[in-house]
Each structure stands twice: as C-alpha cells, then as structure tokens.
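Pasted below: target-v3.cif, mmCIF, N, CA, C and O atoms.
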data_final
loop_
_atom_site.label_atom_id
_atom_site.label_comp_id
_atom_site.auth_asym_id
_atom_site.auth_seq_id
_atom_site.Cartn_x
_atom_site.Cartn_y
_atom_site.Cartn_z
N MET A 232 17.26 42.61 19.86
CA MET A 232 16.21 42.41 18.89
C MET A 232 16.62 41.36 17.85
O MET A 232 15.80 40.60 17.40
N GLY A 233 17.88 41.30 17.49
CA GLY A 233 18.35 40.35 16.50
C GLY A 233 18.19 38.90 16.97
O GLY A 233 17.78 38.04 16.21
N ILE A 234 18.50 38.62 18.24
CA ILE A 234 18.39 37.27 18.78
C ILE A 234 16.93 36.86 18.87
O ILE A 234 16.57 35.74 18.51
N GLU A 235 16.08 37.75 19.33
CA GLU A 235 14.64 37.45 19.44
C GLU A 235 14.06 37.15 18.07
O GLU A 235 13.26 36.22 17.91
N ASN A 236 14.47 37.92 17.09
CA ASN A 236 13.99 37.71 15.73
C ASN A 236 14.47 36.35 15.21
O ASN A 236 13.71 35.59 14.60
N SER A 237 15.73 36.03 15.46
CA SER A 237 16.28 34.74 15.02
C SER A 237 15.57 33.58 15.69
O SER A 237 15.26 32.57 15.04
N LEU A 238 15.29 33.71 16.98
CA LEU A 238 14.57 32.66 17.70
C LEU A 238 13.15 32.50 17.18
O LEU A 238 12.64 31.39 17.07
N SER A 239 12.52 33.61 16.86
CA SER A 239 11.16 33.55 16.31
C SER A 239 11.15 32.85 14.96
O SER A 239 10.29 32.01 14.68
N VAL A 240 12.11 33.20 14.11
CA VAL A 240 12.23 32.57 12.79
C VAL A 240 12.51 31.08 12.96
O VAL A 240 11.91 30.23 12.27
N ALA A 241 13.40 30.73 13.88
CA ALA A 241 13.74 29.33 14.12
C ALA A 241 12.50 28.57 14.60
O ALA A 241 12.24 27.45 14.15
N SER A 242 11.73 29.16 15.49
CA SER A 242 10.51 28.53 15.99
C SER A 242 9.51 28.32 14.86
O SER A 242 8.88 27.26 14.75
N ASP A 243 9.37 29.33 13.99
CA ASP A 243 8.48 29.20 12.84
C ASP A 243 8.93 28.08 11.91
O ASP A 243 8.11 27.33 11.37
N LEU A 244 10.23 27.96 11.72
CA LEU A 244 10.77 26.89 10.86
C LEU A 244 10.50 25.51 11.45
O LEU A 244 10.15 24.58 10.73
N VAL A 245 10.66 25.38 12.75
CA VAL A 245 10.38 24.10 13.42
C VAL A 245 8.90 23.74 13.24
O VAL A 245 8.57 22.60 12.92
N ASP A 246 8.03 24.72 13.41
CA ASP A 246 6.59 24.48 13.21
C ASP A 246 6.30 24.07 11.77
O ASP A 246 5.49 23.18 11.51
N GLU A 247 6.96 24.73 10.82
CA GLU A 247 6.73 24.43 9.40
C GLU A 247 7.23 23.03 9.05
O GLU A 247 6.59 22.29 8.30
N VAL A 248 8.36 22.64 9.61
CA VAL A 248 8.88 21.29 9.38
C VAL A 248 7.90 20.25 9.91
O VAL A 248 7.61 19.24 9.26
N ALA A 249 7.35 20.48 11.09
CA ALA A 249 6.37 19.56 11.67
C ALA A 249 5.13 19.47 10.78
O ALA A 249 4.59 18.38 10.55
N ARG A 250 4.68 20.62 10.28
CA ARG A 250 3.51 20.63 9.40
C ARG A 250 3.79 19.86 8.11
O ARG A 250 2.97 19.07 7.65
N LEU A 251 4.97 20.07 7.53
CA LEU A 251 5.33 19.37 6.30
C LEU A 251 5.44 17.87 6.50
O LEU A 251 5.06 17.09 5.62
N LYS A 252 5.93 17.44 7.65
CA LYS A 252 6.00 16.00 7.94
C LYS A 252 4.60 15.41 8.03
O LYS A 252 4.34 14.31 7.55
N SER A 253 3.69 16.15 8.61
CA SER A 253 2.30 15.71 8.70
C SER A 253 1.68 15.60 7.30
O SER A 253 1.02 14.61 6.98
N VAL A 254 1.93 16.60 6.46
CA VAL A 254 1.42 16.59 5.09
C VAL A 254 2.03 15.42 4.32
O VAL A 254 1.34 14.74 3.56
N GLU A 255 3.32 15.17 4.53
CA GLU A 255 3.98 14.06 3.86
C GLU A 255 3.32 12.73 4.24
O GLU A 255 3.09 11.87 3.38
N GLY A 256 3.00 12.56 5.50
CA GLY A 256 2.33 11.34 5.95
C GLY A 256 0.95 11.19 5.33
O GLY A 256 0.57 10.10 4.89
N GLU A 257 0.21 12.29 5.25
CA GLU A 257 -1.11 12.26 4.63
C GLU A 257 -1.00 11.93 3.15
O GLU A 257 -1.82 11.17 2.61
N CYS A 258 0.00 12.47 2.47
CA CYS A 258 0.21 12.19 1.05
C CYS A 258 0.52 10.72 0.82
O CYS A 258 0.05 10.11 -0.13
N LYS A 259 1.31 10.15 1.71
CA LYS A 259 1.66 8.73 1.58
C LYS A 259 0.40 7.87 1.70
O LYS A 259 0.19 6.94 0.93
N ILE A 260 -0.45 8.19 2.66
CA ILE A 260 -1.71 7.44 2.84
C ILE A 260 -2.59 7.57 1.61
O ILE A 260 -3.14 6.58 1.12
N LEU A 261 -2.73 8.79 1.09
CA LEU A 261 -3.54 9.01 -0.11
C LEU A 261 -2.97 8.26 -1.32
O LEU A 261 -3.71 7.68 -2.10
N LYS A 262 -1.65 8.27 -1.45
CA LYS A 262 -1.00 7.57 -2.56
C LYS A 262 -1.29 6.07 -2.49
O LYS A 262 -1.59 5.43 -3.50
N GLU A 263 -1.23 5.50 -1.29
CA GLU A 263 -1.52 4.07 -1.12
C GLU A 263 -2.98 3.77 -1.45
O GLU A 263 -3.29 2.77 -2.09
N LYS A 264 -3.89 4.66 -1.03
CA LYS A 264 -5.32 4.46 -1.33
C LYS A 264 -5.58 4.52 -2.83
O LYS A 264 -6.30 3.69 -3.37
N ILE A 265 -4.97 5.50 -3.49
CA ILE A 265 -5.13 5.62 -4.95
C ILE A 265 -4.54 4.40 -5.64
O ILE A 265 -5.14 3.86 -6.58
N PHE A 266 -3.40 3.94 -5.18
CA PHE A 266 -2.76 2.74 -5.74
C PHE A 266 -3.69 1.54 -5.65
O PHE A 266 -3.89 0.82 -6.61
N MET A 267 -4.31 1.36 -4.48
CA MET A 267 -5.17 0.19 -4.27
C MET A 267 -6.49 0.28 -5.04
O MET A 267 -7.13 -0.74 -5.29
N MET A 268 -6.90 1.48 -5.45
CA MET A 268 -8.17 1.64 -6.16
C MET A 268 -8.17 0.98 -7.53
O MET A 268 -9.23 0.72 -8.09
N GLN A 269 -7.01 0.66 -8.07
CA GLN A 269 -6.95 0.01 -9.37
C GLN A 269 -7.37 -1.46 -9.31
O GLN A 269 -7.58 -2.09 -10.34
N PHE A 270 -7.48 -1.98 -8.10
CA PHE A 270 -7.82 -3.38 -7.92
C PHE A 270 -9.27 -3.54 -7.46
O PHE A 270 -9.83 -2.66 -6.81
N THR A 271 -9.84 -4.70 -7.78
CA THR A 271 -11.16 -5.04 -7.24
C THR A 271 -11.00 -5.29 -5.74
O THR A 271 -9.88 -5.44 -5.24
N ARG A 272 -12.11 -5.35 -5.03
CA ARG A 272 -12.05 -5.59 -3.58
C ARG A 272 -11.35 -6.92 -3.28
O ARG A 272 -10.52 -7.01 -2.38
N ALA A 273 -11.66 -7.95 -4.05
CA ALA A 273 -11.02 -9.26 -3.85
C ALA A 273 -9.52 -9.19 -4.12
O ALA A 273 -8.72 -9.77 -3.39
N GLU A 274 -9.14 -8.44 -5.17
CA GLU A 274 -7.72 -8.29 -5.48
C GLU A 274 -7.01 -7.49 -4.39
O GLU A 274 -5.87 -7.77 -4.05
N GLN A 275 -7.69 -6.49 -3.83
CA GLN A 275 -7.11 -5.71 -2.74
C GLN A 275 -6.81 -6.61 -1.54
O GLN A 275 -5.73 -6.51 -0.94
N LYS A 276 -7.74 -7.48 -1.21
CA LYS A 276 -7.52 -8.39 -0.09
C LYS A 276 -6.36 -9.34 -0.38
O LYS A 276 -5.52 -9.57 0.49
N ALA A 277 -6.33 -9.87 -1.60
CA ALA A 277 -5.25 -10.78 -1.97
C ALA A 277 -3.91 -10.06 -1.95
O ALA A 277 -2.90 -10.61 -1.48
N PHE A 278 -3.87 -8.83 -2.43
CA PHE A 278 -2.62 -8.06 -2.44
C PHE A 278 -2.17 -7.76 -1.02
O PHE A 278 -1.00 -7.88 -0.70
N SER A 279 -3.11 -7.37 -0.17
CA SER A 279 -2.78 -7.09 1.23
C SER A 279 -2.20 -8.33 1.90
O SER A 279 -1.25 -8.23 2.68
N LEU A 280 -2.77 -9.48 1.61
CA LEU A 280 -2.24 -10.72 2.17
C LEU A 280 -0.87 -11.04 1.59
O LEU A 280 0.00 -11.55 2.30
N ALA A 281 -0.66 -10.74 0.33
CA ALA A 281 0.64 -11.02 -0.30
C ALA A 281 1.74 -10.22 0.39
O ALA A 281 2.87 -10.68 0.50
N ILE A 282 1.40 -9.03 0.86
CA ILE A 282 2.37 -8.21 1.58
C ILE A 282 2.82 -8.91 2.85
O ILE A 282 3.99 -8.88 3.21
N ASP A 283 1.87 -9.58 3.53
CA ASP A 283 2.19 -10.28 4.77
C ASP A 283 2.92 -11.59 4.53
O ASP A 283 3.53 -12.14 5.44
N GLY A 284 2.84 -12.13 3.29
CA GLY A 284 3.62 -13.28 2.92
C GLY A 284 3.03 -14.66 3.12
O GLY A 284 3.78 -15.63 3.10
N PRO A 285 1.71 -14.82 3.31
CA PRO A 285 1.20 -16.19 3.44
C PRO A 285 1.25 -16.93 2.11
O PRO A 285 1.27 -16.31 1.04
N SER A 286 1.23 -18.23 2.19
CA SER A 286 1.27 -19.06 0.99
C SER A 286 -0.12 -19.06 0.34
O SER A 286 -1.11 -18.62 0.93
N ILE A 287 -0.18 -19.58 -0.87
CA ILE A 287 -1.47 -19.69 -1.56
C ILE A 287 -2.42 -20.56 -0.76
O ILE A 287 -3.61 -20.25 -0.64
N LEU A 288 -1.91 -21.63 -0.17
CA LEU A 288 -2.75 -22.51 0.64
C LEU A 288 -3.34 -21.76 1.83
O LEU A 288 -4.53 -21.89 2.13
N GLU A 289 -2.53 -20.95 2.49
CA GLU A 289 -3.03 -20.16 3.62
C GLU A 289 -4.08 -19.15 3.16
O GLU A 289 -5.10 -18.94 3.83
N ILE A 290 -3.86 -18.54 2.00
CA ILE A 290 -4.82 -17.59 1.46
C ILE A 290 -6.13 -18.31 1.11
O ILE A 290 -7.22 -17.78 1.33
N GLN A 291 -6.05 -19.53 0.61
CA GLN A 291 -7.24 -20.33 0.32
C GLN A 291 -8.10 -20.47 1.57
O GLN A 291 -9.31 -20.31 1.52
N TYR A 292 -7.47 -20.80 2.68
CA TYR A 292 -8.21 -20.98 3.92
C TYR A 292 -8.82 -19.68 4.42
O TYR A 292 -9.92 -19.67 4.96
N ILE A 293 -8.13 -18.58 4.21
CA ILE A 293 -8.65 -17.28 4.64
C ILE A 293 -9.87 -16.88 3.81
O ILE A 293 -10.88 -16.43 4.34
N PHE A 294 -9.79 -17.07 2.48
CA PHE A 294 -10.87 -16.66 1.58
C PHE A 294 -11.91 -17.75 1.32
O PHE A 294 -12.96 -17.47 0.76
N TYR A 295 -11.59 -18.98 1.70
CA TYR A 295 -12.45 -20.11 1.37
C TYR A 295 -12.64 -20.22 -0.15
O TYR A 295 -13.74 -20.37 -0.65
N LYS A 296 -11.54 -20.07 -0.87
CA LYS A 296 -11.55 -20.13 -2.34
C LYS A 296 -10.61 -21.22 -2.81
O LYS A 296 -9.72 -21.65 -2.11
N GLU A 297 -10.83 -21.64 -4.06
CA GLU A 297 -9.98 -22.65 -4.68
C GLU A 297 -8.62 -22.05 -5.03
O GLU A 297 -8.48 -20.85 -5.22
N GLU A 298 -7.63 -22.93 -5.16
CA GLU A 298 -6.27 -22.49 -5.49
C GLU A 298 -6.25 -21.72 -6.81
O GLU A 298 -5.59 -20.68 -6.93
N CYS A 299 -7.00 -22.21 -7.80
CA CYS A 299 -7.00 -21.54 -9.11
C CYS A 299 -7.57 -20.12 -9.00
O CYS A 299 -7.12 -19.21 -9.71
N THR A 300 -8.53 -19.91 -8.11
CA THR A 300 -9.10 -18.57 -7.91
C THR A 300 -8.05 -17.62 -7.33
O THR A 300 -7.90 -16.48 -7.79
N ILE A 301 -7.31 -18.10 -6.34
CA ILE A 301 -6.26 -17.28 -5.73
C ILE A 301 -5.17 -16.97 -6.75
O ILE A 301 -4.72 -15.83 -6.87
N LYS A 302 -4.74 -17.97 -7.49
CA LYS A 302 -3.71 -17.76 -8.50
C LYS A 302 -4.18 -16.79 -9.58
O LYS A 302 -3.42 -15.96 -10.06
N ASN A 303 -5.46 -16.89 -9.94
CA ASN A 303 -6.02 -16.00 -10.95
C ASN A 303 -6.01 -14.55 -10.45
O ASN A 303 -5.66 -13.62 -11.19
N ARG A 304 -6.36 -14.35 -9.18
CA ARG A 304 -6.32 -12.99 -8.61
C ARG A 304 -4.91 -12.45 -8.61
O ARG A 304 -4.69 -11.29 -8.94
N ARG A 305 -3.95 -13.28 -8.23
CA ARG A 305 -2.55 -12.84 -8.23
C ARG A 305 -2.10 -12.48 -9.65
O ARG A 305 -1.42 -11.49 -9.86
N ARG A 306 -2.51 -13.30 -10.61
CA ARG A 306 -2.14 -13.06 -12.00
C ARG A 306 -2.70 -11.71 -12.48
O ARG A 306 -2.02 -10.94 -13.14
N LYS A 307 -3.96 -11.43 -12.11
CA LYS A 307 -4.58 -10.15 -12.49
C LYS A 307 -3.85 -8.97 -11.85
O LYS A 307 -3.65 -7.93 -12.49
N ILE A 308 -3.47 -9.13 -10.60
CA ILE A 308 -2.73 -8.07 -9.90
C ILE A 308 -1.41 -7.81 -10.62
O ILE A 308 -1.06 -6.67 -10.90
N LEU A 309 -0.69 -8.87 -10.93
CA LEU A 309 0.61 -8.73 -11.60
C LEU A 309 0.46 -8.10 -12.98
O LEU A 309 1.29 -7.29 -13.40
N ARG A 310 -0.61 -8.46 -13.69
CA ARG A 310 -0.85 -7.88 -15.00
C ARG A 310 -1.11 -6.37 -14.87
O ARG A 310 -0.59 -5.58 -15.64
N LYS A 311 -1.91 -5.98 -13.88
CA LYS A 311 -2.21 -4.56 -13.67
C LYS A 311 -0.97 -3.78 -13.28
O LYS A 311 -0.81 -2.62 -13.64
N LEU A 312 -0.08 -4.40 -12.52
CA LEU A 312 1.14 -3.73 -12.08
C LEU A 312 2.28 -3.87 -13.08
O LEU A 312 3.31 -3.22 -12.94
N ASN A 313 2.09 -4.75 -14.05
CA ASN A 313 3.11 -5.01 -15.07
C ASN A 313 4.43 -5.45 -14.44
O ASN A 313 5.50 -4.97 -14.80
N THR A 314 4.33 -6.34 -13.43
CA THR A 314 5.51 -6.90 -12.78
C THR A 314 5.39 -8.41 -12.73
O THR A 314 4.34 -8.93 -12.36
N PRO A 315 6.44 -9.13 -13.11
CA PRO A 315 6.35 -10.60 -13.13
C PRO A 315 6.17 -11.25 -11.75
O PRO A 315 5.13 -11.83 -11.50
N PRO A 316 7.13 -11.17 -10.83
CA PRO A 316 6.95 -11.90 -9.58
C PRO A 316 6.16 -11.09 -8.55
O PRO A 316 6.22 -9.87 -8.52
N ILE A 317 5.38 -11.78 -7.72
CA ILE A 317 4.57 -11.12 -6.70
C ILE A 317 5.45 -10.38 -5.70
O ILE A 317 5.07 -9.33 -5.21
N THR A 318 6.65 -10.89 -5.45
CA THR A 318 7.54 -10.20 -4.49
C THR A 318 7.94 -8.82 -5.01
O THR A 318 8.02 -7.87 -4.25
N GLU A 319 8.13 -8.70 -6.32
CA GLU A 319 8.46 -7.40 -6.90
C GLU A 319 7.26 -6.46 -6.82
O GLU A 319 7.40 -5.27 -6.58
N ALA A 320 6.06 -7.01 -7.02
CA ALA A 320 4.84 -6.20 -6.94
C ALA A 320 4.64 -5.66 -5.52
O ALA A 320 4.26 -4.51 -5.34
N VAL A 321 4.92 -6.47 -4.53
CA VAL A 321 4.76 -6.06 -3.14
C VAL A 321 5.72 -4.92 -2.81
O VAL A 321 5.37 -3.98 -2.12
N GLN A 322 6.94 -4.98 -3.35
CA GLN A 322 7.92 -3.92 -3.08
C GLN A 322 7.47 -2.63 -3.70
O GLN A 322 7.63 -1.57 -3.22
#

Using structure tokens, write down the structure that the file contains.
Amino acid sequence: MGIENSLSVASDLVDEVARLKSVEGECKILKEKIFMMQFTRAEQKAFSLAIDGPSILEIQYIFYKEECTIKNRRRKILRKLNTPPITEAVQ
C-alpha cells in the first residue's frame, strides 16, 4: 500500500507540474499583451519590428512613412518605457 500511495502522489505531482507550466505560459502571454496595451497600434507595430531589428529605412518601406514619423514613434515608445536606447527597450 505504501508504494502504491507513493506512486499515486508522484503521478499527481507530475500532473500538477504540467498544469503549472501551462499556467506559466498563459501568464507570460497575458503579461506581453498587457505590456503592449500601453502603446498605440502604430507604436505596437514599430516596437514589434524593433524586436526583429530592421533599420529605420526598412521600417519606412514597411509602413510607407517618413523617417521622422518612424523616429517619432520610437521616441514615444522609449519615453513610455523610460529607457534611452531602443535595444534596452527591446530587452
């Protein structure tokens, strides 16, 4: 009876660990969504592109916007995050 009980408890623990990993993944997704909600839709797109690392010129072609518009969006993102360089904001 002792071994069966131990195996049952171990099985329950394995199931609980799997459930907690799933919850952790869901929390991470929700945290990212909440983080992105502080930005306008245009800023969200610019931030997403900044993560991938294209240059301002490449972003201009993607958005069909002027360089000053792209730089202004980046500046607003950095102000909201209170971080100077865009690379630090992406991290």

What gap, in Å, lies between CA of Ser239 in chain A and CA of Glu257 in chain A?
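About the pair CA of Ser239 in chain A and CA of Glu257 in chain A: they are 27.2 Å apart.
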
Using only N, CA, C and O atoms, I'd like a table of the residues in range 252-286 of chain A that come within 8 Å of range 302-306 of chain A; for each, show the closest atom pair and its distance in Å rounded to one decimal, ordered by chain and ascending number, as JSON lines.
{"residue": "A:Ala273", "atom": "O", "partner": "A:Arg304", "partner_atom": "CA", "distance": 6.6}
{"residue": "A:Glu274", "atom": "CA", "partner": "A:Arg304", "partner_atom": "O", "distance": 5.5}
{"residue": "A:Gln275", "atom": "N", "partner": "A:Arg304", "partner_atom": "O", "distance": 7.6}
{"residue": "A:Ala277", "atom": "CA", "partner": "A:Arg304", "partner_atom": "C", "distance": 6.9}
{"residue": "A:Phe278", "atom": "N", "partner": "A:Arg304", "partner_atom": "O", "distance": 7.0}

Write a file of the selected residues as an mmCIF file, in the coordinates of the input, keeping N, CA, C and O atoms.
data_model
loop_
_atom_site.group_PDB
_atom_site.id
_atom_site.type_symbol
_atom_site.label_atom_id
_atom_site.label_comp_id
_atom_site.auth_asym_id
_atom_site.auth_seq_id
_atom_site.Cartn_x
_atom_site.Cartn_y
_atom_site.Cartn_z
ATOM 1 N N ALA A 273 -11.660 -7.950 -4.050
ATOM 2 C CA ALA A 273 -11.020 -9.260 -3.850
ATOM 3 C C ALA A 273 -9.520 -9.190 -4.120
ATOM 4 O O ALA A 273 -8.720 -9.770 -3.390
ATOM 5 N N GLU A 274 -9.140 -8.440 -5.170
ATOM 6 C CA GLU A 274 -7.720 -8.290 -5.480
ATOM 7 C C GLU A 274 -7.010 -7.490 -4.390
ATOM 8 O O GLU A 274 -5.870 -7.770 -4.050
ATOM 9 N N GLN A 275 -7.690 -6.490 -3.830
ATOM 10 C CA GLN A 275 -7.110 -5.710 -2.740
ATOM 11 C C GLN A 275 -6.810 -6.610 -1.540
ATOM 12 O O GLN A 275 -5.730 -6.510 -0.940
ATOM 13 N N ALA A 277 -6.330 -9.870 -1.600
ATOM 14 C CA ALA A 277 -5.250 -10.780 -1.970
ATOM 15 C C ALA A 277 -3.910 -10.060 -1.950
ATOM 16 O O ALA A 277 -2.900 -10.610 -1.480
ATOM 17 N N PHE A 278 -3.870 -8.830 -2.430
ATOM 18 C CA PHE A 278 -2.620 -8.060 -2.440
ATOM 19 C C PHE A 278 -2.170 -7.760 -1.020
ATOM 20 O O PHE A 278 -1.000 -7.880 -0.700
#

Enumerate, as a ChimeraX atom specification, the complete set of residues in range 283-315 of chain A that a backbone-based DSSP assignment places in helix (DSSP H, G or I).
/A:283,287-294,298-312

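Atom to atom, CA of Leu251 in chain A and CA of Glu235 in chain A stand 24.2 Å apart.
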
Provide the CA of Val254 in chain A to CA of Arg272 in chain A distance in Å, to one decimal place.
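Atom-to-atom, CA of Val254 in chain A to CA of Arg272 in chain A, that is 27.4 Å.
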
Padding of 8 Å on every side, edges along x, y and z, all listed atoms of range 235-240 of chain A included: what centre and edge lengths in Å, to one decimal, does that box have, as JSON?
{"center_x": 13.3, "center_y": 34.1, "center_z": 15.9, "size_x": 22.0, "size_y": 23.7, "size_z": 23.2}
